[in-house]
file model-v9.pdb (PDB, C-alpha atoms, pLDDT in the B column)
ATOM      1  CA  GLU A   1     -39.236  73.869 113.396  1.00 64.00           C
ATOM      2  CA  THR A   2     -39.323  75.422 116.833  1.00 72.00           C
ATOM      3  CA  GLY A   3     -42.872  74.401 117.756  1.00 92.00           C
ATOM      4  CA  VAL A   4     -44.140  77.951 117.300  1.00 95.00           C
ATOM      5  CA  THR A   5     -46.198  78.647 114.184  1.00 95.00           C
ATOM      6  CA  GLN A   6     -47.407  81.949 112.789  1.00 96.00           C
ATOM      7  CA  THR A   7     -49.978  82.806 110.154  1.00 96.00           C
ATOM      8  CA  PRO A   8     -50.067  84.393 107.731  1.00 96.00           C
ATOM      9  CA  ARG A   9     -46.406  84.386 106.725  1.00 94.00           C
ATOM     10  CA  HIS A  10     -46.884  87.449 104.540  1.00 95.00           C
ATOM     11  CA  LEU A  11     -49.527  90.164 104.727  1.00 95.00           C
ATOM     12  CA  VAL A  12     -50.096  93.270 102.661  1.00 94.00           C
ATOM     13  CA  MET A  13     -52.740  95.644 103.924  1.00 92.00           C
ATOM     14  CA  GLY A  14     -54.004  99.138 103.367  1.00 89.00           C
ATOM     15  CA  MET A  15     -54.073 101.750 106.095  1.00 88.00           C
ATOM     16  CA  THR A  16     -57.825 101.396 106.550  1.00 86.00           C
ATOM     17  CA  ASN A  17     -57.892  97.594 106.766  1.00 88.00           C
ATOM     18  CA  LYS A  18     -58.359  95.453 109.852  1.00 93.00           C
ATOM     19  CA  LYS A  19     -56.412  92.218 110.027  1.00 95.00           C
ATOM     20  CA  SER A  20     -55.116  89.798 112.648  1.00 97.00           C
ATOM     21  CA  LEU A  21     -51.884  87.897 113.082  1.00 97.00           C
ATOM     22  CA  LYS A  22     -52.045  84.498 114.707  1.00 98.00           C
ATOM     23  CA  CYS A  23     -49.471  82.611 116.724  1.00 97.00           C
ATOM     24  CA  GLU A  24     -49.761  79.095 118.088  1.00 97.00           C
ATOM     25  CA  GLN A  25     -47.278  77.192 120.193  1.00 96.00           C
ATOM     26  CA  HIS A  26     -47.164  73.431 120.612  1.00 94.00           C
ATOM     27  CA  LEU A  27     -44.572  73.353 123.370  1.00 93.00           C
ATOM     28  CA  GLY A  28     -46.776  73.442 126.442  1.00 93.00           C
ATOM     29  CA  HIS A  29     -45.428  76.873 127.334  1.00 92.00           C
ATOM     30  CA  ASN A  30     -47.217  79.417 129.485  1.00 90.00           C
ATOM     31  CA  ALA A  31     -45.715  82.673 128.258  1.00 91.00           C
ATOM     32  CA  MET A  32     -46.072  84.220 124.801  1.00 93.00           C
ATOM     33  CA  TYR A  33     -44.593  87.341 123.264  1.00 92.00           C
ATOM     34  CA  TRP A  34     -44.972  89.677 120.301  1.00 94.00           C
ATOM     35  CA  TYR A  35     -41.883  91.361 118.844  1.00 94.00           C
ATOM     36  CA  LYS A  36     -41.435  93.818 115.996  1.00 94.00           C
ATOM     37  CA  GLN A  37     -38.312  93.621 113.842  1.00 93.00           C
ATOM     38  CA  SER A  38     -37.700  96.577 111.529  1.00 91.00           C
ATOM     39  CA  ALA A  39     -34.810  96.864 109.130  1.00 85.00           C
ATOM     40  CA  LYS A  40     -31.513  97.744 110.821  1.00 80.00           C
ATOM     41  CA  LYS A  41     -33.140  97.998 114.254  1.00 86.00           C
ATOM     42  CA  PRO A  42     -32.993  95.666 117.232  1.00 88.00           C
ATOM     43  CA  LEU A  43     -35.906  93.380 117.968  1.00 89.00           C
ATOM     44  CA  GLU A  44     -38.475  95.370 119.933  1.00 90.00           C
ATOM     45  CA  LEU A  45     -40.616  93.676 122.535  1.00 89.00           C
ATOM     46  CA  MET A  46     -44.259  94.693 122.140  1.00 91.00           C
ATOM     47  CA  PHE A  47     -46.364  92.532 124.459  1.00 91.00           C
ATOM     48  CA  VAL A  48     -45.882  89.726 126.953  1.00 89.00           C
ATOM     49  CA  TYR A  49     -48.520  87.333 128.228  1.00 89.00           C
ATOM     50  CA  ASN A  50     -47.612  85.073 131.122  1.00 82.00           C
ATOM     51  CA  PHE A  51     -50.224  82.535 132.177  1.00 77.00           C
ATOM     52  CA  LYS A  52     -52.711  84.399 129.947  1.00 74.00           C
ATOM     53  CA  GLU A  53     -52.200  87.695 131.760  1.00 76.00           C
ATOM     54  CA  GLN A  54     -50.643  90.618 129.968  1.00 77.00           C
ATOM     55  CA  THR A  55     -47.526  91.506 131.907  1.00 73.00           C
ATOM     56  CA  GLU A  56     -45.800  93.842 129.496  1.00 71.00           C
ATOM     57  CA  ASN A  57     -46.990  96.515 127.133  1.00 69.00           C
ATOM     58  CA  ASN A  58     -44.039  98.431 125.820  1.00 69.00           C
ATOM     59  CA  SER A  59     -45.791 101.705 124.964  1.00 77.00           C
ATOM     60  CA  VAL A  60     -47.233 100.191 121.829  1.00 89.00           C
ATOM     61  CA  PRO A  61     -49.741 102.330 119.888  1.00 91.00           C
ATOM     62  CA  SER A  62     -53.366 101.336 120.354  1.00 91.00           C
ATOM     63  CA  ARG A  63     -53.671 100.398 116.683  1.00 94.00           C
ATOM     64  CA  PHE A  64     -52.011  97.141 117.815  1.00 95.00           C
ATOM     65  CA  SER A  65     -54.241  95.092 120.082  1.00 94.00           C
ATOM     66  CA  PRO A  66     -53.131  91.726 121.504  1.00 94.00           C
ATOM     67  CA  GLU A  67     -55.365  88.890 122.574  1.00 94.00           C
ATOM     68  CA  CYS A  68     -54.404  85.710 124.398  1.00 93.00           C
ATOM     69  CA  PRO A  69     -57.448  83.425 124.717  1.00 93.00           C
ATOM     70  CA  ASN A  70     -55.399  80.541 126.125  1.00 91.00           C
ATOM     71  CA  SER A  71     -51.784  79.705 126.757  1.00 89.00           C
ATOM     72  CA  SER A  72     -51.337  78.150 123.298  1.00 94.00           C
ATOM     73  CA  HIS A  73     -52.700  80.959 121.152  1.00 96.00           C
ATOM     74  CA  LEU A  74     -51.810  84.602 120.741  1.00 96.00           C
ATOM     75  CA  PHE A  75     -53.281  87.117 118.338  1.00 97.00           C
ATOM     76  CA  LEU A  76     -52.263  90.590 117.268  1.00 97.00           C
ATOM     77  CA  HIS A  77     -55.175  92.589 115.925  1.00 96.00           C
ATOM     78  CA  LEU A  78     -54.232  95.377 113.548  1.00 95.00           C
ATOM     79  CA  HIS A  79     -56.300  98.389 112.490  1.00 92.00           C
ATOM     80  CA  THR A  80     -55.576 101.704 110.808  1.00 92.00           C
ATOM     81  CA  LEU A  81     -51.873 100.965 110.582  1.00 93.00           C
ATOM     82  CA  GLN A  82     -49.280 103.319 109.175  1.00 94.00           C
ATOM     83  CA  PRO A  83     -46.620 102.571 106.529  1.00 93.00           C
ATOM     84  CA  GLU A  84     -43.936 102.746 109.232  1.00 93.00           C
ATOM     85  CA  ASP A  85     -45.569  99.732 110.879  1.00 95.00           C
ATOM     86  CA  SER A  86     -44.280  97.594 108.015  1.00 96.00           C
ATOM     87  CA  ALA A  87     -41.928  95.081 109.607  1.00 95.00           C
ATOM     88  CA  LEU A  88     -41.419  91.457 110.521  1.00 95.00           C
ATOM     89  CA  TYR A  89     -43.631  90.530 113.470  1.00 97.00           C
ATOM     90  CA  LEU A  90     -42.268  87.660 115.498  1.00 96.00           C
ATOM     91  CA  CYS A  91     -44.057  85.608 118.076  1.00 96.00           C
ATOM     92  CA  ALA A  92     -42.166  83.723 120.779  1.00 94.00           C
ATOM     93  CA  SER A  93     -43.038  81.469 123.674  1.00 93.00           C
ATOM     94  CA  SER A  94     -41.320  80.278 126.810  1.00 90.00           C
ATOM     95  CA  GLN A  95     -42.023  78.041 129.758  1.00 87.00           C
ATOM     96  CA  GLY A  96     -43.227  80.996 131.801  1.00 78.00           C
ATOM     97  CA  ASP A  97     -40.884  80.483 134.687  1.00 67.00           C
ATOM     98  CA  ARG A  98     -41.970  83.039 137.279  1.00 59.00           C
ATOM     99  CA  GLU A  99     -38.303  83.638 138.065  1.00 59.00           C
ATOM    100  CA  GLY A 100     -37.859  84.824 134.494  1.00 57.00           C
ATOM    101  CA  THR A 101     -34.907  82.645 133.585  1.00 62.00           C
ATOM    102  CA  ASP A 102     -36.343  80.506 130.820  1.00 72.00           C
ATOM    103  CA  THR A 103     -35.575  80.607 127.112  1.00 84.00           C
ATOM    104  CA  GLN A 104     -37.775  82.073 124.417  1.00 89.00           C
ATOM    105  CA  TYR A 105     -38.431  80.146 121.209  1.00 91.00           C
ATOM    106  CA  PHE A 106     -39.460  82.095 118.125  1.00 93.00           C
ATOM    107  CA  GLY A 107     -41.900  81.496 115.339  1.00 94.00           C
ATOM    108  CA  PRO A 108     -41.079  82.180 111.674  1.00 93.00           C
ATOM    109  CA  GLY A 109     -42.680  85.604 111.704  1.00 95.00           C
ATOM    110  CA  THR A 110     -45.214  87.475 109.602  1.00 96.00           C
ATOM    111  CA  ARG A 111     -43.792  89.915 107.082  1.00 95.00           C
ATOM    112  CA  LEU A 112     -46.249  92.831 107.152  1.00 96.00           C
ATOM    113  CA  THR A 113     -46.378  95.534 104.511  1.00 95.00           C
ATOM    114  CA  VAL A 114     -48.680  98.514 105.009  1.00 94.00           C
ATOM    115  CA  LEU A 115     -49.460 100.464 101.865  1.00 91.00           C
TER
ATOM    116  CA  GLU B   1     -32.358 101.916 129.962  1.00 81.00           C
ATOM    117  CA  ASP B   2     -30.835  98.552 129.090  1.00 85.00           C
ATOM    118  CA  LYS B   3     -28.531  98.557 126.076  1.00 91.00           C
ATOM    119  CA  VAL B   4     -26.817  95.933 123.922  1.00 95.00           C
ATOM    120  CA  VAL B   5     -24.134  96.704 121.346  1.00 96.00           C
ATOM    121  CA  GLN B   6     -22.888  94.088 118.940  1.00 97.00           C
ATOM    122  CA  SER B   7     -19.804  94.224 116.785  1.00 97.00           C
ATOM    123  CA  PRO B   8     -18.934  93.991 114.053  1.00 97.00           C
ATOM    124  CA  LEU B   9     -22.188  94.876 112.298  1.00 95.00           C
ATOM    125  CA  SER B  10     -21.220  92.599 109.443  1.00 96.00           C
ATOM    126  CA  LEU B  11     -18.456  90.170 108.700  1.00 97.00           C
ATOM    127  CA  VAL B  12     -17.460  88.280 105.553  1.00 98.00           C
ATOM    128  CA  VAL B  13     -15.021  85.376 105.840  1.00 97.00           C
ATOM    129  CA  HIS B  14     -14.035  82.301 103.891  1.00 97.00           C
ATOM    130  CA  GLU B  15     -15.206  78.825 104.702  1.00 97.00           C
ATOM    131  CA  GLY B  16     -12.955  77.241 107.275  1.00 97.00           C
ATOM    132  CA  ASP B  17     -12.067  80.489 109.023  1.00 97.00           C
ATOM    133  CA  THR B  18     -12.715  81.098 112.714  1.00 98.00           C
ATOM    134  CA  VAL B  19     -14.818  84.087 113.722  1.00 98.00           C
ATOM    135  CA  THR B  20     -15.449  85.920 116.977  1.00 98.00           C
ATOM    136  CA  LEU B  21     -18.572  87.981 117.453  1.00 98.00           C
ATOM    137  CA  ASN B  22     -18.801  90.502 120.262  1.00 98.00           C
ATOM    138  CA  CYS B  23     -21.620  91.665 122.480  1.00 98.00           C
ATOM    139  CA  SER B  24     -21.313  94.344 125.143  1.00 97.00           C
ATOM    140  CA  TYR B  25     -24.155  95.360 127.386  1.00 96.00           C
ATOM    141  CA  GLU B  26     -25.460  97.695 130.038  1.00 94.00           C
ATOM    142  CA  VAL B  27     -28.338  96.315 132.055  1.00 89.00           C
ATOM    143  CA  THR B  28     -29.898  96.859 135.447  1.00 85.00           C
ATOM    144  CA  ASN B  29     -29.776  93.731 137.631  1.00 86.00           C
ATOM    145  CA  PHE B  30     -28.289  91.401 135.034  1.00 88.00           C
ATOM    146  CA  ARG B  31     -29.969  87.989 134.891  1.00 87.00           C
ATOM    147  CA  SER B  32     -28.765  86.363 131.660  1.00 89.00           C
ATOM    148  CA  LEU B  33     -27.318  86.886 128.203  1.00 92.00           C
ATOM    149  CA  LEU B  34     -28.634  84.958 125.240  1.00 93.00           C
ATOM    150  CA  TRP B  35     -27.341  84.316 121.738  1.00 95.00           C
ATOM    151  CA  TYR B  36     -29.659  83.582 118.827  1.00 94.00           C
ATOM    152  CA  LYS B  37     -29.043  82.714 115.174  1.00 94.00           C
ATOM    153  CA  GLN B  38     -31.445  84.233 112.657  1.00 92.00           C
ATOM    154  CA  GLU B  39     -31.232  82.788 109.163  1.00 88.00           C
ATOM    155  CA  LYS B  40     -34.358  83.605 107.222  1.00 78.00           C
ATOM    156  CA  LYS B  41     -36.938  84.555 109.768  1.00 77.00           C
ATOM    157  CA  ALA B  42     -37.200  82.762 113.102  1.00 84.00           C
ATOM    158  CA  PRO B  43     -34.316  83.405 115.510  1.00 90.00           C
ATOM    159  CA  THR B  44     -33.195  80.089 116.918  1.00 89.00           C
ATOM    160  CA  PHE B  45     -31.755  79.800 120.395  1.00 89.00           C
ATOM    161  CA  LEU B  46     -28.041  79.053 120.736  1.00 92.00           C
ATOM    162  CA  PHE B  47     -26.881  79.729 124.295  1.00 90.00           C
ATOM    163  CA  MET B  48     -27.948  81.273 127.562  1.00 91.00           C
ATOM    164  CA  LEU B  49     -25.160  82.497 129.834  1.00 92.00           C
ATOM    165  CA  THR B  50     -25.597  83.478 133.428  1.00 88.00           C
ATOM    166  CA  SER B  51     -22.181  82.948 135.033  1.00 86.00           C
ATOM    167  CA  SER B  52     -18.854  84.552 134.236  1.00 87.00           C
ATOM    168  CA  GLY B  53     -16.007  82.519 132.831  1.00 87.00           C
ATOM    169  CA  ILE B  54     -17.941  79.347 132.115  1.00 86.00           C
ATOM    170  CA  GLU B  55     -17.766  78.429 128.446  1.00 90.00           C
ATOM    171  CA  LYS B  56     -20.843  77.014 126.798  1.00 91.00           C
ATOM    172  CA  LYS B  57     -20.146  74.832 123.789  1.00 92.00           C
ATOM    173  CA  SER B  58     -22.207  73.262 121.050  1.00 91.00           C
ATOM    174  CA  GLY B  59     -20.257  71.674 118.239  1.00 94.00           C
ATOM    175  CA  ARG B  60     -18.220  74.354 116.505  1.00 96.00           C
ATOM    176  CA  LEU B  61     -19.911  77.149 118.449  1.00 96.00           C
ATOM    177  CA  SER B  62     -18.891  78.343 121.866  1.00 96.00           C
ATOM    178  CA  SER B  63     -19.618  81.354 124.011  1.00 96.00           C
ATOM    179  CA  ILE B  64     -18.366  82.896 127.198  1.00 96.00           C
ATOM    180  CA  LEU B  65     -19.520  85.719 129.437  1.00 95.00           C
ATOM    181  CA  ASP B  66     -17.505  88.306 131.364  1.00 95.00           C
ATOM    182  CA  LYS B  67     -19.788  89.947 133.913  1.00 91.00           C
ATOM    183  CA  LYS B  68     -17.053  92.216 135.191  1.00 92.00           C
ATOM    184  CA  GLU B  69     -16.305  93.750 131.806  1.00 93.00           C
ATOM    185  CA  LEU B  70     -19.930  93.394 130.671  1.00 95.00           C
ATOM    186  CA  PHE B  71     -19.432  91.517 127.445  1.00 95.00           C
ATOM    187  CA  SER B  72     -19.778  88.164 125.785  1.00 97.00           C
ATOM    188  CA  ILE B  73     -18.188  86.577 122.740  1.00 98.00           C
ATOM    189  CA  LEU B  74     -19.509  83.971 120.376  1.00 98.00           C
ATOM    190  CA  ASN B  75     -16.866  81.896 118.596  1.00 98.00           C
ATOM    191  CA  ILE B  76     -17.437  79.802 115.521  1.00 98.00           C
ATOM    192  CA  THR B  77     -14.590  77.576 114.370  1.00 97.00           C
ATOM    193  CA  ALA B  78     -14.147  75.921 110.955  1.00 97.00           C
ATOM    194  CA  THR B  79     -16.997  78.000 109.546  1.00 98.00           C
ATOM    195  CA  GLN B  80     -19.335  76.556 106.928  1.00 97.00           C
ATOM    196  CA  THR B  81     -21.687  78.260 104.473  1.00 96.00           C
ATOM    197  CA  GLY B  82     -24.580  77.157 106.671  1.00 95.00           C
ATOM    198  CA  ASP B  83     -23.260  79.441 109.399  1.00 97.00           C
ATOM    199  CA  SER B  84     -24.218  82.463 107.283  1.00 97.00           C
ATOM    200  CA  ALA B  85     -26.868  84.273 109.313  1.00 96.00           C
ATOM    201  CA  ILE B  86     -27.511  87.211 111.601  1.00 95.00           C
ATOM    202  CA  TYR B  87     -26.345  86.490 115.128  1.00 97.00           C
ATOM    203  CA  LEU B  88     -28.360  88.263 117.806  1.00 96.00           C
ATOM    204  CA  CYS B  89     -27.335  88.952 121.366  1.00 96.00           C
ATOM    205  CA  ALA B  90     -29.921  89.750 124.042  1.00 93.00           C
ATOM    206  CA  VAL B  91     -29.796  90.470 127.743  1.00 91.00           C
ATOM    207  CA  ALA B  92     -32.331  90.037 130.496  1.00 86.00           C
ATOM    208  CA  GLY B  93     -32.366  92.350 133.469  1.00 81.00           C
ATOM    209  CA  SER B  94     -34.702  93.113 136.297  1.00 71.00           C
ATOM    210  CA  PHE B  95     -37.700  91.466 134.705  1.00 69.00           C
ATOM    211  CA  GLY B  96     -35.889  88.290 133.785  1.00 67.00           C
ATOM    212  CA  ASN B  97     -36.132  86.667 130.405  1.00 67.00           C
ATOM    213  CA  GLU B  98     -39.629  88.071 129.889  1.00 70.00           C
ATOM    214  CA  LYS B  99     -38.125  91.357 128.827  1.00 80.00           C
ATOM    215  CA  LEU B 100     -35.138  90.836 126.584  1.00 86.00           C
ATOM    216  CA  THR B 101     -33.179  93.732 125.146  1.00 90.00           C
ATOM    217  CA  PHE B 102     -31.674  92.823 121.790  1.00 93.00           C
ATOM    218  CA  GLY B 103     -28.695  94.174 119.901  1.00 95.00           C
ATOM    219  CA  THR B 104     -28.942  94.946 116.185  1.00 94.00           C
ATOM    220  CA  GLY B 105     -27.075  91.750 115.356  1.00 95.00           C
ATOM    221  CA  THR B 106     -23.969  90.789 113.412  1.00 97.00           C
ATOM    222  CA  ARG B 107     -24.526  89.688 109.832  1.00 96.00           C
ATOM    223  CA  LEU B 108     -22.087  86.876 109.108  1.00 97.00           C
ATOM    224  CA  THR B 109     -21.469  85.769 105.528  1.00 97.00           C
ATOM    225  CA  ILE B 110     -19.355  82.705 104.789  1.00 97.00           C
ATOM    226  CA  ILE B 111     -17.879  82.554 101.303  1.00 97.00           C
ATOM    227  CA  PRO B 112     -17.304  79.045  99.903  1.00 93.00           C
TER
END
call {"tool": "encode", "arguments": {"input": "model-v9.pdb", "output": "structure tokens"}}
result
Amino acid sequence: ETGVTQTPRHLVMGMTNKKSLKCEQHLGHNAMYWYKQSAKKPLELMFVYNFKEQTENNSVPSRFSPECPNSSHLFLHLHTLQPEDSALYLCASSQGDREGTDTQYFGPGTRLTVL
Amino acid sequence: EDKVVQSPLSLVVHEGDTVTLNCSYEVTNFRSLLWYKQEKKAPTFLFMLTSSGIEKKSGRLSSILDKKELFSILNITATQTGDSAIYLCAVAGSFGNEKLTFGTGTRLTIIP
């Protein structure tokens, strides 16, 4: 247990559905991240929130929409996804050191399948 | 663009063997290099290296960084079946640890 939880753990959705992924951290951290992990590819950073402000958006398609209502919770809203969006979506958190030297701790991930 | 290359891509050894995993990188304004272990889903943090030549050690695992040659190694001695996992290397550059660039990982399998 890393102190970062994600729900649901598995999700199957159609291309016309709207769903949300949830991440919660119990570590008192100030920075939260969304990553995408596809088969045989490196982890790809999608979004970064530091002190509730979005500081990174790595050219992610608009069908992925993040929301960070407070420093403990992070959502990823999904709509009209494509089959190639099927992947493991990992959430991480870190202290939010403004110098950018702290360590990220990962949640267990949501395995997403888009039909 | 920052880049991380890990080798080998996969490795199968017998329990008790010693393994060395490699990570080479190209990054603008290097800040740190991190190693993670990913078993089923969540990568778990192993080491963060910022200085050359200083070995970090945790039990049977150790790692060292060479900032001149731009690589790091992760050593595991007396391997156990519980060491079977994907080992990920990541580097942080100009934007610090907020923006990590990951390698594809080394899949390590330990045979009893």
call {"tool": "interface_residues", "arguments": {"input": "model-v9.pdb", "of": "chain B", "to": "chain A", "cutoff": "12 Å", "atoms": "all atoms listed in the file", "output": "ChimeraX atom specification"}}
result
/B:3-6,9-10,30-50,86-107
call {"tool": "closest_residue", "arguments": {"input": "model-v9.pdb", "among": "B:Val13, B:Ile73, B:Ile111, B:Ala78", "to": "B:Gly59", "atoms": "all atoms listed in the file"}}
result
B:Ala78
call {"tool": "atom_distance", "arguments": {"input": "model-v9.pdb", "atom1": "atom CA of B:Ser58", "atom2": "atom CA of B:Ser24"}}
result
21.5 Å
call {"tool": "resolve_selection", "arguments": {"input": "model-v9.pdb", "expression": "the PyMOL selection byres ((chain B and resi 72) around 7)", "output": "number ranges by chain"}}
result
B: 22-24, 64-66, 71, 73-74
call {"tool": "resolve_selection", "arguments": {"input": "model-v9.pdb", "expression": "the PyMOL selection byres ((chain A and resi 68) around 12)", "output": "ChimeraX atom specification"}}
result
/A:21-25,30-34,47-55,65-67,69-77
call {"tool": "atom_distance", "arguments": {"input": "model-v9.pdb", "atom1": "atom CA of A:His10", "atom2": "atom CA of A:Pro83"}}
result
15.3 Å
call {"tool": "resolve_selection", "arguments": {"input": "model-v9.pdb", "expression": "the PyMOL selection byres ((chain A and resi 115) around 7)", "output": "count of residues only"}}
result
6
call {"tool": "closest_residue", "arguments": {"input": "model-v9.pdb", "among": "B:Glu15, B:Glu26, B:Asp83, B:Glu1", "to": "B:Lys67", "atoms": "only C-alpha atoms"}}
result
B:Glu26
call {"tool": "atom_distance", "arguments": {"input": "model-v9.pdb", "atom1": "atom CA of A:Ser62", "atom2": "atom CA of A:Gln82"}}
result
12.1 Å
call {"tool": "axis_aligned_box", "arguments": {"input": "model-v9.pdb", "around": "stretch 42-56 of chain A", "padding_each_side": "3 Å", "output": "AutoDock Vina command-line options"}}
result
--center_x -42.9 --center_y 89.1 --center_z 124.7 --size_x 25.7 --size_y 19.1 --size_z 20.9
